[in-house]
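Let me begin by presenting the structure, written as C-alpha cells, before commenting on it.
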Amino acid sequence: MLGKRLCLGDTIGLISPASPENIESIQKGISFLKNQGFNIIEGTHLYDNWGYLAGKDKDRASDIMEMFKNQDVDMILCIRGGYGSSRLLPYLDYDMIKTHPKIFAGFSDITVFLNSFYEKCELTTFHSPMGSSKLEDIETFKSFMFTLMEGYKPYTIKNPPEFTTQCIVKGVVEGNLIGGNLGLICNSLGTPYEIDMKDKIIFLEEVGEEPYRVDRILTQLLLAEKLQQCKGIILGQFKGCDLPHYEKSLTLQEVFQDRLYNLDIPIFSGFCSGHDYPKLTLPIGAIVKMDSEAGVIHVTEAVVR
C-alpha cells in the first residue's frame, strides 16, 4: 500500500502521538511547512499534555485515526517522539488504515508505528524528520521532500559527500527495509507487534544509550534469534552513545564488533539517519538493494503513488 505522493499545496496533518512538544516548537514547524507551500491541519489533541505524554492514550490514538479518515489530509506527520507510541497500538483500527493509505512519517518513538503499519497494513511508511525537527537543515529537508514528492520511481539513498560510511561486511542484498530506533525494536519482542526480521534489511539507530546498554539490547535481539534472520544491517546515527573515558567500558565500536560482525551478513555503519543531522529519509517496508561496500541503498520500487 502506498500513499499519494506529496505535491505543493497539499495538506499535512500534524499529530503528537508520543510525548508533548512546547507550543513554540510546534508553531515554528507549522510556519516552516506553510512557507514551503503546504497547508496544515492540526490534530485535535496536538497541544495536549499529560505528564510525559501528549495527552491520554485514546485521545492521541483518535488523532491518528482522524487523520487517516480525513479526506483533506494528504500526509500525516508526527510532531515529535519521546515516549508513548506503544501505548496506542491496541487502540488503532488497522483495517481502516489499510483502506485509507497515506504518507505517515516520523522517527524515534514513532518507530513502532512505522513498522506496525507496514506489517499489519502493508503500508510503506517513512523514517524521517518530524514537525519539530531542524527542517531548515538543507540535506535533511532535500531528502525528505525528494522521497515524498519524487519517490514514485526507483532512486538511490546515500550520504552527502562529506559523511563517509564504513563497510563492515561486504555484500549486496535485496529485501524489505525495516527498523528505526534500536530500543523500540527490542521492546516489541514478545508482543503482538513484534517485528518480523526474517529476510529483511534492518536499519538501526539510537540516542543517549551507553555502550553497555546498546550491548544489552543487541544481546537480547540475538538471544531471541532475531538479528540472525536479517539479510543485512545498516547502522545509522548513535548519538550520545559514546563515553568521555573507557576505563571500565567497551567502546561502541567494540560492542558492534563483538555482537554483530560475526553474523556473516552485509553490514555498513555511519549512515546519516537517526537523532542527528543530516537526517536522511528512509522508506520502511519498501524493497531495497543494500550495497554495504558502497554504503548506499537502492530503492527498487515506488514508495509513493
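For the C-alpha cells, the naming scheme is as follows: chains receive sequential letters (A, B, ...) according to their order of presentation, residues are indexed from 1 within each chain, and ligands are indexed from 1 in presentation order.
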Selection: 12 Å around range 239-245 of chain A, only C-alpha atoms, excl. self and same-chain fewer than 3 positions, as a PyMOL selection string: chain A and resi 181+204-215+235-236+248-255+270+272-277
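Look at range 112-127 of chain A: the protein and nucleic acid residues within 6 Å of it, using only C-alpha atoms and passing over chain neighbours fewer than 4 places away, are Met1, Leu2, Lys98, Phe104, Ala105, Gly106, Phe107, Thr281, Leu282, Pro283, Ile284 and Gly285 of chain A.
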Please give the complete set of residues from range 66-275 of chain A that DSSP, run on the backbone, assigns to strand (DSSP E or B), formatted as number ranges by chain. A: 75-78, 103-106, 125-127, 155-158, 166-169, 172-181, 201-207, 232-239, 267-269
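Of the residues under consideration (A:Leu184, A:Leu6, A:Ile201, A:Ile287), A:Leu184 shows the shortest atom-to-atom contact distance to Leu218 in chain A when counting only C-alpha atoms.
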Helix (DSSP H, G or I) per DSSP on the backbone: members of range 17-247 of chain A, as a PyMOL selection string: chain A and resi 23-35+57-69+85-91+94-99+108-121+138-150+182-187+211-223+227-229
Spatial neighbours of Cys7 in chain A, max dist 10 Å, only C-alpha atoms, sep filter under 5 positions, as a PDB file with N, CA and C atoms, in the first residue's frame:
ATOM      1  N   GLY A  37       4.922  25.979   1.197  1.00  0.00           N
ATOM      2  CA  GLY A  37       3.795  25.849   0.280  1.00  0.00           C
ATOM      3  C   GLY A  37       2.780  24.786   0.652  1.00  0.00           C
ATOM      4  N   PHE A  38       2.802  24.325   1.908  1.00  0.00           N
ATOM      5  CA  PHE A  38       1.860  23.297   2.344  1.00  0.00           C
ATOM      6  C   PHE A  38       0.799  23.869   3.269  1.00  0.00           C
ATOM      7  N   ASP A  74      -3.412  14.854   3.178  1.00  0.00           N
ATOM      8  CA  ASP A  74      -2.615  14.087   2.222  1.00  0.00           C
ATOM      9  C   ASP A  74      -1.461  13.347   2.878  1.00  0.00           C
ATOM     10  N   MET A 145      11.818  15.866   1.128  1.00  0.00           N
ATOM     11  CA  MET A 145      10.931  16.278   0.052  1.00  0.00           C
ATOM     12  C   MET A 145      11.112  15.424  -1.197  1.00  0.00           C
ATOM     13  N   LEU A 148       9.265  12.027  -0.705  1.00  0.00           N
ATOM     14  CA  LEU A 148       7.808  12.094  -0.673  1.00  0.00           C
ATOM     15  C   LEU A 148       7.205  12.636  -1.968  1.00  0.00           C
ATOM     16  N   MET A 149       7.977  13.427  -2.708  1.00  0.00           N
ATOM     17  CA  MET A 149       7.453  14.040  -3.930  1.00  0.00           C
ATOM     18  C   MET A 149       7.908  13.321  -5.201  1.00  0.00           C
ATOM     19  N   GLU A 150       9.092  12.727  -5.172  1.00  0.00           N
ATOM     20  CA  GLU A 150       9.657  12.102  -6.370  1.00  0.00           C
ATOM     21  C   GLU A 150       9.835  10.591  -6.224  1.00  0.00           C
TER      22      GLU A 150
END
Fewer than 3 positions away in the same chain doesn't count, so skip those; otherwise give me all residues within 7 Å of Leu46 in chain A, counting only C-alpha atoms, as a PyMOL selection string. chain A and resi 15-16+42-43
Could those selected residues go to a file with C-alpha atoms, as a CSV table (one decimal), in the first residue's frame?
chain,number,residue,atom,x,y,z
A,15,ILE,CA,-0.2,14.9,15.4
A,16,SER,CA,1.5,14.3,18.8
A,42,GLU,CA,-3.7,20.3,13.5
A,43,GLY,CA,-4.7,17.3,15.4
Taking 3 positions as the minimum chain separation for residues in the same chain, which residues sit within 7 Å of range 56-60 of chain A when counting only C-alpha atoms? Answer as a ChimeraX atom specification. /A:16-17,45,50,63-64,87-88,91
Contacts of Met65 in chain A at 8 Å or less, counting only C-alpha atoms, minus same-chain residues fewer than 6 places along, as a PyMOL selection string? chain A and resi 92-93+97
Compile the contact shell of His298 in chain A as a ChimeraX atom specification: residues with an atom at most 9 Å away, counting only C-alpha atoms, same-chain residues fewer than 4 positions apart removed. /A:154-158,287-291
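Across the structure, CA of Gln36 in chain A and CA of Phe203 in chain A are spaced 29.3 Å apart.
Atom pair CA of Ala294 in chain A / CA of Leu135 in chain A has a distance of 27.2 Å (rounded to one decimal).
Among the candidates A:Leu53, A:Leu223, A:Cys230, A:Cys167, the residue lying nearest to Phe271 in chain A is A:Cys167 (atoms considered: only C-alpha atoms).
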